[in-house]
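Asks: Below is the file query09.pdb, with PDB, C-alpha atoms.
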```pdb
ATOM      1  CA  MET A  26      80.699 109.868 114.197
ATOM      2  CA  ASP A  27      77.369 109.169 112.509
ATOM      3  CA  ILE A  28      76.726 105.657 113.829
ATOM      4  CA  ASP A  29      73.361 105.310 112.050
ATOM      5  CA  LEU A  30      74.976 106.082 108.704
ATOM      6  CA  LEU A  31      77.789 103.655 109.489
ATOM      7  CA  LYS A  32      75.405 100.860 110.462
ATOM      8  CA  GLY A  33      73.807 101.163 107.020
ATOM      9  CA  CYS A  34      77.217 100.428 105.524
ATOM     10  CA  GLY A  35      78.043  97.138 107.207
ATOM     11  CA  THR A  36      77.199  94.366 109.637
ATOM     12  CA  THR A  37      77.508  94.515 113.440
ATOM     13  CA  VAL A  38      79.411  91.632 115.006
ATOM     14  CA  THR A  39      80.094  90.894 118.707
ATOM     15  CA  PHE A  40      83.341  89.333 119.972
ATOM     16  CA  HIS A  41      84.184  88.114 123.466
ATOM     17  CA  GLU A  42      87.353  88.954 125.371
ATOM     18  CA  GLY A  43      90.326  87.073 123.920
ATOM     19  CA  GLN A  44      88.569  86.296 120.653
ATOM     20  CA  ALA A  45      90.352  87.179 117.384
ATOM     21  CA  ILE A  46      88.517  89.604 115.125
ATOM     22  CA  CYS A  47      91.044  89.166 112.322
ATOM     23  CA  ARG A  48      94.382  87.369 112.055
ATOM     24  CA  GLU A  49      97.718  88.397 110.597
ATOM     25  CA  GLY A  50      98.266  86.750 107.212
ATOM     26  CA  GLU A  51      94.578  86.155 106.445
ATOM     27  CA  SER A  52      93.110  87.661 103.324
ATOM     28  CA  GLY A  53      91.041  90.703 104.171
ATOM     29  CA  GLN A  54      87.888  91.588 102.306
ATOM     30  CA  SER A  55      86.562  93.986 104.939
ATOM     31  CA  MET A  56      87.509  96.623 107.482
ATOM     32  CA  PHE A  57      86.171  97.200 110.984
ATOM     33  CA  VAL A  58      84.930 100.131 113.032
ATOM     34  CA  LEU A  59      85.127  99.587 116.782
ATOM     35  CA  LEU A  60      81.703 100.540 118.170
ATOM     36  CA  ARG A  61      82.126  99.265 121.748
ATOM     37  CA  GLY A  62      84.989  97.964 123.836
ATOM     38  CA  LYS A  63      88.737  97.805 123.300
ATOM     39  CA  VAL A  64      91.031  95.666 121.156
ATOM     40  CA  ASN A  65      94.751  94.907 121.014
ATOM     41  CA  VAL A  66      96.673  94.951 117.734
ATOM     42  CA  ILE A  67      99.341  92.248 117.675
ATOM     43  CA  ILE A  68     102.112  91.642 115.127
ATOM     44  CA  ASN A  69     104.191  88.473 114.718
ATOM     45  CA  SER A  70     105.836  89.420 111.407
ATOM     46  CA  PHE A  71     109.289  90.451 112.513
ATOM     47  CA  SER A  72     110.121  88.050 115.309
ATOM     48  CA  ASP A  73     109.148  84.783 116.897
ATOM     49  CA  ASN A  74     107.441  86.687 119.708
ATOM     50  CA  SER A  75     104.137  88.420 119.181
ATOM     51  CA  GLN A  76     104.067  92.094 120.118
ATOM     52  CA  VAL A  77     101.113  94.265 121.096
ATOM     53  CA  VAL A  78     101.759  97.306 118.924
ATOM     54  CA  ASP A  79      98.585  99.239 119.688
ATOM     55  CA  SER A  80      95.406  99.266 121.741
ATOM     56  CA  LEU A  81      92.332 100.728 120.085
ATOM     57  CA  GLN A  82      89.226 102.202 121.639
ATOM     58  CA  GLU A  83      85.691 102.942 120.475
ATOM     59  CA  GLY A  84      85.550 104.880 117.227
ATOM     60  CA  SER A  85      88.817 103.419 115.906
ATOM     61  CA  PHE A  86      89.194 101.800 112.485
ATOM     62  CA  PHE A  87      91.229  98.710 111.683
ATOM     63  CA  GLY A  88      91.594  96.258 108.825
ATOM     64  CA  GLU A  89      91.361  99.058 106.271
ATOM     65  CA  MET A  90      94.879  98.467 104.945
ATOM     66  CA  SER A  91      93.962  94.980 103.785
ATOM     67  CA  LEU A  92      90.745  96.256 102.237
ATOM     68  CA  LEU A  93      92.473  99.131 100.423
ATOM     69  CA  GLU A  94      95.502  97.157  99.252
ATOM     70  CA  GLY A  95      93.919  93.740  98.684
ATOM     71  CA  LYS A  96      96.776  92.153 100.627
ATOM     72  CA  PRO A  97      96.790  89.806 103.631
ATOM     73  CA  ARG A  98      96.097  91.237 107.082
ATOM     74  CA  SER A  99      99.193  92.859 108.589
ATOM     75  CA  ALA A 100      98.183  92.229 112.209
ATOM     76  CA  THR A 101      96.009  90.162 114.489
ATOM     77  CA  VAL A 102      93.326  92.072 116.378
ATOM     78  CA  ILE A 103      92.041  90.573 119.638
ATOM     79  CA  ALA A 104      89.081  91.706 121.734
ATOM     80  CA  SER A 105      90.545  92.903 125.047
ATOM     81  CA  THR A 106      87.268  93.623 126.861
ATOM     82  CA  ALA A 107      84.007  91.721 127.221
ATOM     83  CA  ASP A 108      81.469  92.061 124.419
ATOM     84  CA  VAL A 109      83.435  94.046 121.861
ATOM     85  CA  ILE A 110      81.123  95.221 119.085
ATOM     86  CA  VAL A 111      82.505  96.049 115.650
ATOM     87  CA  LEU A 112      80.945  97.126 112.406
ATOM     88  CA  GLU A 113      82.352  94.998 109.591
ATOM     89  CA  VAL A 114      82.412  96.948 106.326
ATOM     90  CA  SER A 115      82.812  94.941 103.102
ATOM     91  CA  GLN A 116      84.490  96.182  99.914
ATOM     92  CA  THR A 117      81.091  96.988  98.366
ATOM     93  CA  ASP A 118      79.874  98.764 101.489
ATOM     94  CA  PHE A 119      83.175 100.634 101.726
ATOM     95  CA  SER A 120      82.686 102.051  98.227
ATOM     96  CA  MET A 121      79.215 103.214  99.248
ATOM     97  CA  LEU A 122      80.691 104.741 102.411
ATOM     98  CA  LEU A 123      83.283 106.674 100.375
ATOM     99  CA  LEU A 124      80.570 108.185  98.208
ATOM    100  CA  ASN A 125      77.916 108.879 100.820
ATOM    101  CA  ALA A 126      79.700 109.632 104.098
ATOM    102  CA  THR A 127      82.568 112.007 103.463
ATOM    103  CA  SER A 128      82.817 112.925 107.158
ATOM    104  CA  ILE A 129      83.495 109.276 108.038
ATOM    105  CA  THR A 130      85.858 108.857 105.097
ATOM    106  CA  TYR A 131      87.717 111.980 106.244
ATOM    107  CA  ARG A 132      88.054 110.435 109.719
ATOM    108  CA  LEU A 133      89.520 107.318 108.151
ATOM    109  CA  LEU A 134      91.971 109.458 106.190
ATOM    110  CA  LEU A 135      92.962 111.292 109.395
ATOM    111  CA  SER A 136      93.372 108.013 111.256
ATOM    112  CA  LEU A 137      95.700 106.606 108.592
ATOM    113  CA  ASN A 138      97.555 109.912 108.380
ATOM    114  CA  ASN A 139      98.049 110.036 112.154
ATOM    115  CA  ARG A 140      99.406 106.469 112.151
ATOM    116  CA  LEU A 141     101.804 107.324 109.348
ATOM    117  CA  ASN A 142     102.971 110.533 111.030
ATOM    118  CA  GLY A 143     103.455 108.754 114.349
ATOM    119  CA  MET A 144     105.578 106.112 112.675
ATOM    120  CA  LEU A 145     107.568 108.727 110.722
ATOM    121  CA  ASP A 146     108.174 110.742 113.902
ATOM    122  CA  ARG A 147     109.585 107.670 115.684
ATOM    123  CA  ILE A 148     111.785 106.793 112.720
ATOM    124  CA  GLU A 149     112.969 110.370 112.190
ATOM    125  CA  GLU A 150     114.755 110.347 115.553
ATOM    126  CA  LYS A 151     117.037 107.639 114.113
ATOM    127  CA  ASP A 152     117.053 108.261 110.362
ATOM    128  CA  LYS A 153     116.063 111.691 109.022
ATOM    129  CA  ARG A 154     117.054 110.849 105.442
ATOM    130  CA  PHE A 155     114.748 107.832 105.336
ATOM    131  CA  VAL A 156     111.781 109.933 106.517
ATOM    132  CA  PHE A 157     112.567 112.777 104.114
ATOM    133  CA  LYS A 158     111.440 110.771 101.061
ATOM    134  CA  TYR A 159     107.998 110.189 102.602
ATOM    135  CA  ARG A 160     107.483 113.767 103.725
ATOM    136  CA  LYS A 161     108.449 115.196 100.308
ATOM    137  CA  ASN A 162     105.913 113.113  98.383
ATOM    138  CA  PRO A 163     103.302 115.440  96.742
ATOM    139  CA  ILE A 164     100.379 113.271  97.875
ATOM    140  CA  TYR A 165     101.685 113.333 101.461
ATOM    141  CA  ALA A 166     101.997 117.123 101.255
ATOM    142  CA  THR A 167      98.421 117.433  99.955
ATOM    143  CA  ILE A 168      97.051 115.333 102.803
ATOM    144  CA  GLN A 169      98.919 117.382 105.427
ATOM    145  CA  LYS A 170      97.258 120.597 104.181
ATOM    146  CA  MET A 171      93.786 119.117 103.928
ATOM    147  CA  ASP A 172      90.954 120.079 106.244
ATOM    148  CA  VAL A 173      87.408 118.748 106.309
ATOM    149  CA  ARG A 174      86.110 121.396 103.860
ATOM    150  CA  SER A 175      88.789 120.825 101.261
ATOM    151  CA  PHE A 176      88.383 117.060 101.668
ATOM    152  CA  ASP A 177      84.616 117.349 101.176
ATOM    153  CA  ALA A 178      85.124 119.411  98.011
ATOM    154  CA  ILE A 179      87.602 116.882  96.625
ATOM    155  CA  ALA A 180      85.349 113.950  97.528
ATOM    156  CA  LYS A 181      82.397 115.492  95.668
ATOM    157  CA  LYS A 182      84.447 116.489  92.643
ATOM    158  CA  ASP A 183      86.693 113.427  92.296
ATOM    159  CA  PRO A 184      85.863 110.392  94.481
ATOM    160  CA  ASP A 185      88.598 108.394  92.727
ATOM    161  CA  TYR A 186      91.188 110.825  94.095
ATOM    162  CA  VAL A 187      89.932 110.122  97.624
ATOM    163  CA  TRP A 188      90.599 106.433  96.932
ATOM    164  CA  THR A 189      94.111 107.406  95.745
ATOM    165  CA  LEU A 190      94.764 109.334  98.979
ATOM    166  CA  LEU A 191      93.615 106.442 101.168
ATOM    167  CA  LYS A 192      95.647 103.902  99.172
ATOM    168  CA  TYR A 193      98.729 106.119  99.390
ATOM    169  CA  LEU A 194      98.509 106.263 103.193
ATOM    170  CA  SER A 195      97.806 102.563 103.466
ATOM    171  CA  SER A 196     100.635 101.532 101.160
ATOM    172  CA  SER A 197     103.043 103.940 102.900
ATOM    173  CA  LEU A 198     102.293 102.329 106.246
ATOM    174  CA  GLU A 199     102.860  98.884 104.773
ATOM    175  CA  LYS A 200     106.110  99.970 103.124
ATOM    176  CA  LEU A 201     107.379 101.429 106.383
ATOM    177  CA  ASN A 202     106.655  98.131 108.099
ATOM    178  CA  HIS A 203     108.562  96.171 105.494
ATOM    179  CA  GLU A 204     111.355  98.578 104.526
ATOM    180  CA  TYR A 205     112.323  99.938 107.893
ATOM    181  CA  LEU A 206     110.753  98.494 110.988
ATOM    182  CA  GLN A 207     112.138  95.027 110.377
ATOM    183  CA  ARG A 208     115.678  96.505 110.362
ATOM    184  CA  ILE A 209     115.466  98.440 113.616
ATOM    185  CA  ASP A 210     113.882  98.172 117.017
ATOM    186  CA  LEU A 211     111.538 101.099 117.580
TER     187      LEU A 211
END
```
Give the structure from this file in structure tokens form.

Replies:
Amino acid sequence: MDIDLLKGCGTTVTFHEGQAICREGESGQSMFVLLRGKVNVIINSFSDNSQVVDSLQEGSFFGEMSLLEGKPRSATVIASTADVIVLEVSQTDFSMLLLNATSITYRLLLSLNNRLNGMLDRIEEKDKRFVFKYRKNPIYATIQKMDVRSFDAIAKKDPDYVWTLLKYLSSSLEKLNHEYLQRIDL
């Protein structure tokens, strides 16, 4: 990852162990890139008990769903090690990042795609029909075939389509959370 390019697209912020970086339900006008340390992703949405649903390490992205969709944060993210350093990327900086750093944007696309595929794989064990509608979507199919060269060509030719791809992944993840995960225990 090109850290110098990233640092030009946001603000570095340090959090101490146990400190919340963002909270579920808050409005989100930025996303974060984890530069140092580890964080836990916690969801309260579907029960009275909070659940750690993921642990992220350096190089991970989070908060992008809120930035892409303009909706409240879907999870709380807590620093789980001392001196966690994140790069906070605002909406304006994110647009600049999309245009000027296609390798980083591609990594974000892969990260969202991997999350979606992981969730679909877990759901498919219990409900193949439900997963079928996601996997047959033409945008989903395009993303699955994409490599860094084809992504770079698309990004240069039609940056708005890159935004469409990212929003599709983000909204699919949100829909899965609301349509399915609240009905079953994965």

Asks: Hey, can you check how far atom CA of A:Tyr186 sits from atom CA of A:Leu123?

Replies: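 Between atom CA of A:Tyr186 and atom CA of A:Leu123 the gap works out to 10.9 Å.
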
Asks: Would you write out, as JSON, numbers by chain, every residue that the PyMOL selection byres ((chain A and resi 83) around 12) captures in this file?

Replies: {"A": [26, 28, 57, 58, 59, 60, 61, 62, 63, 64, 80, 81, 82, 84, 85, 86, 87, 104, 106, 109, 110, 111, 112]}

Asks: Would you save the residues of that selection, restricted to C-alpha atoms, as a PDB file, in the frame of the given file?

Replies:
```pdb
ATOM      1  CA  MET A  26      80.699 109.868 114.197  1.00  0.00           C
ATOM      2  CA  ILE A  28      76.726 105.657 113.829  1.00  0.00           C
ATOM      3  CA  PHE A  57      86.171  97.200 110.984  1.00  0.00           C
ATOM      4  CA  VAL A  58      84.930 100.131 113.032  1.00  0.00           C
ATOM      5  CA  LEU A  59      85.127  99.587 116.782  1.00  0.00           C
ATOM      6  CA  LEU A  60      81.703 100.540 118.170  1.00  0.00           C
ATOM      7  CA  ARG A  61      82.126  99.265 121.748  1.00  0.00           C
ATOM      8  CA  GLY A  62      84.989  97.964 123.836  1.00  0.00           C
ATOM      9  CA  LYS A  63      88.737  97.805 123.300  1.00  0.00           C
ATOM     10  CA  VAL A  64      91.031  95.666 121.156  1.00  0.00           C
ATOM     11  CA  SER A  80      95.406  99.266 121.741  1.00  0.00           C
ATOM     12  CA  LEU A  81      92.332 100.728 120.085  1.00  0.00           C
ATOM     13  CA  GLN A  82      89.226 102.202 121.639  1.00  0.00           C
ATOM     14  CA  GLY A  84      85.550 104.880 117.227  1.00  0.00           C
ATOM     15  CA  SER A  85      88.817 103.419 115.906  1.00  0.00           C
ATOM     16  CA  PHE A  86      89.194 101.800 112.485  1.00  0.00           C
ATOM     17  CA  PHE A  87      91.229  98.710 111.683  1.00  0.00           C
ATOM     18  CA  ALA A 104      89.081  91.706 121.734  1.00  0.00           C
ATOM     19  CA  THR A 106      87.268  93.623 126.861  1.00  0.00           C
ATOM     20  CA  VAL A 109      83.435  94.046 121.861  1.00  0.00           C
ATOM     21  CA  ILE A 110      81.123  95.221 119.085  1.00  0.00           C
ATOM     22  CA  VAL A 111      82.505  96.049 115.650  1.00  0.00           C
ATOM     23  CA  LEU A 112      80.945  97.126 112.406  1.00  0.00           C
TER      24      LEU A 112
END
```

Asks: Could you expand the PyMOL selection byres ((chain A and resi 179) around 12) into the explicit residues it covers here, written as a list in words?

Replies: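 This file, filtered by the PyMOL selection byres ((chain A and resi 179) around 12), leaves Leu123, Leu124, Thr127, Thr130, Tyr131, Thr167, Ile168, Met171, Asp172, Val173, Arg174, Ser175, Phe176, Asp177, Ala178, Ala180, Lys181, Lys182, Asp183, Pro184, Asp185, Tyr186, Val187, Trp188, Thr189 and Leu190 of chain A.
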
Asks: If the PyMOL selection byres ((chain A and resi 155) around 12) is run on the structure shown, which residues does it catch, given as a VMD selection string?

Replies: chain A and resid 144 to 154 156 to 161 200 to 201 204 to 206

Asks: Include C-alpha atoms and write out the residues we just selected as a PDB file, in the frame of the given file.

Replies:
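Dumped to again_12.pdb:
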```pdb
ATOM      1  CA  MET A 144     105.578 106.112 112.675  1.00  0.00           C
ATOM      2  CA  LEU A 145     107.568 108.727 110.722  1.00  0.00           C
ATOM      3  CA  ASP A 146     108.174 110.742 113.902  1.00  0.00           C
ATOM      4  CA  ARG A 147     109.585 107.670 115.684  1.00  0.00           C
ATOM      5  CA  ILE A 148     111.785 106.793 112.720  1.00  0.00           C
ATOM      6  CA  GLU A 149     112.969 110.370 112.190  1.00  0.00           C
ATOM      7  CA  GLU A 150     114.755 110.347 115.553  1.00  0.00           C
ATOM      8  CA  LYS A 151     117.037 107.639 114.113  1.00  0.00           C
ATOM      9  CA  ASP A 152     117.053 108.261 110.362  1.00  0.00           C
ATOM     10  CA  LYS A 153     116.063 111.691 109.022  1.00  0.00           C
ATOM     11  CA  ARG A 154     117.054 110.849 105.442  1.00  0.00           C
ATOM     12  CA  VAL A 156     111.781 109.933 106.517  1.00  0.00           C
ATOM     13  CA  PHE A 157     112.567 112.777 104.114  1.00  0.00           C
ATOM     14  CA  LYS A 158     111.440 110.771 101.061  1.00  0.00           C
ATOM     15  CA  TYR A 159     107.998 110.189 102.602  1.00  0.00           C
ATOM     16  CA  ARG A 160     107.483 113.767 103.725  1.00  0.00           C
ATOM     17  CA  LYS A 161     108.449 115.196 100.308  1.00  0.00           C
ATOM     18  CA  LYS A 200     106.110  99.970 103.124  1.00  0.00           C
ATOM     19  CA  LEU A 201     107.379 101.429 106.383  1.00  0.00           C
ATOM     20  CA  GLU A 204     111.355  98.578 104.526  1.00  0.00           C
ATOM     21  CA  TYR A 205     112.323  99.938 107.893  1.00  0.00           C
ATOM     22  CA  LEU A 206     110.753  98.494 110.988  1.00  0.00           C
TER      23      LEU A 206
END
```

Asks: One decimal, in Å: what's the spacing between atom CA of A:Leu93 and atom CA of A:Val66?

Replies: 18.3 Å

Asks: Let me make sure I understand: among A:Pro97, A:Gly143, A:Gly43, A:Gly53, which one has the smallest atom-to-atom distance to A:Asn65 if we use all atoms listed in the file?

Replies: A:Gly43

Asks: Build an axis-aligned box that encloses every atom of stretch 108-112 of chain A listed in the file, pad it by 6 Å on each side, and report its centre and edge lengths in Å to one decimal, as lines of an AutoDock Vina configuration file.

Replies:
```
center_x = 82.2
center_y = 94.6
center_z = 118.4
size_x = 14.5
size_y = 17.1
size_z = 24.0
```

Asks: Go ahead and find all residues with at least one atom no further than 8 Å from (92.2, 96.5, 106.1) in the file's coordinates, using only C-alpha atoms; report them as JSON, numbers by chain.

Replies: {"A": [53, 54, 55, 56, 57, 87, 88, 89, 90, 91, 92, 93, 94, 98]}

Asks: Given all atoms listed in the file as the basis, pick out the residue of A:Asn74, A:Thr39, A:Ser120, A:Asn138 nearest to A:Ile103.

Replies: A:Thr39

Asks: I'd like the interatomic distance between atom CA of A:Leu134 and atom CA of A:Phe119, to a tenth of an Å.

Replies: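 We find that atom CA of A:Leu134 and atom CA of A:Phe119 lie 13.2 Å from each other.
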
Asks: Identify the residues within 10 Å of coordinate (99.0, 87.6, 106.6) (same frame as the file), considering all atoms listed in the file, and give the answer as JSON, numbers by chain.

Replies: {"A": [47, 48, 49, 50, 51, 52, 53, 68, 69, 70, 91, 96, 97, 98, 99, 100, 101]}

Asks: Taking all atoms listed in the file into account, name the residue in A:Leu194, A:Leu141, A:Leu122, A:Ala45 that is nearest to A:Gly33.

Replies: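 For A:Gly33, the nearest of the candidates is A:Leu122.
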
Asks: Name the closest residue to A:Ala107 among the candidates A:Gln44, A:Ser197, A:Ser75, A:Asn202; distances are taken between atoms, counting all atoms listed in the file.

Replies: A:Gln44

Asks: For each of A:Gln169, A:Gln76, A:Asn162, A:Ser128, take the minimum atom-to-atom distance to A:Asn142, counting only C-alpha atoms, then give the residue where this is smallest.

Replies: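 Of A:Gln169, A:Gln76, A:Asn162, A:Ser128, the one nearest A:Asn142 is A:Gln169, counting only C-alpha atoms.
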
Asks: Which is closest to A:Leu137 among A:Asp108, A:Glu113, A:Asp118, A:Glu199, if we use all atoms listed in the file?

Replies: A:Glu199
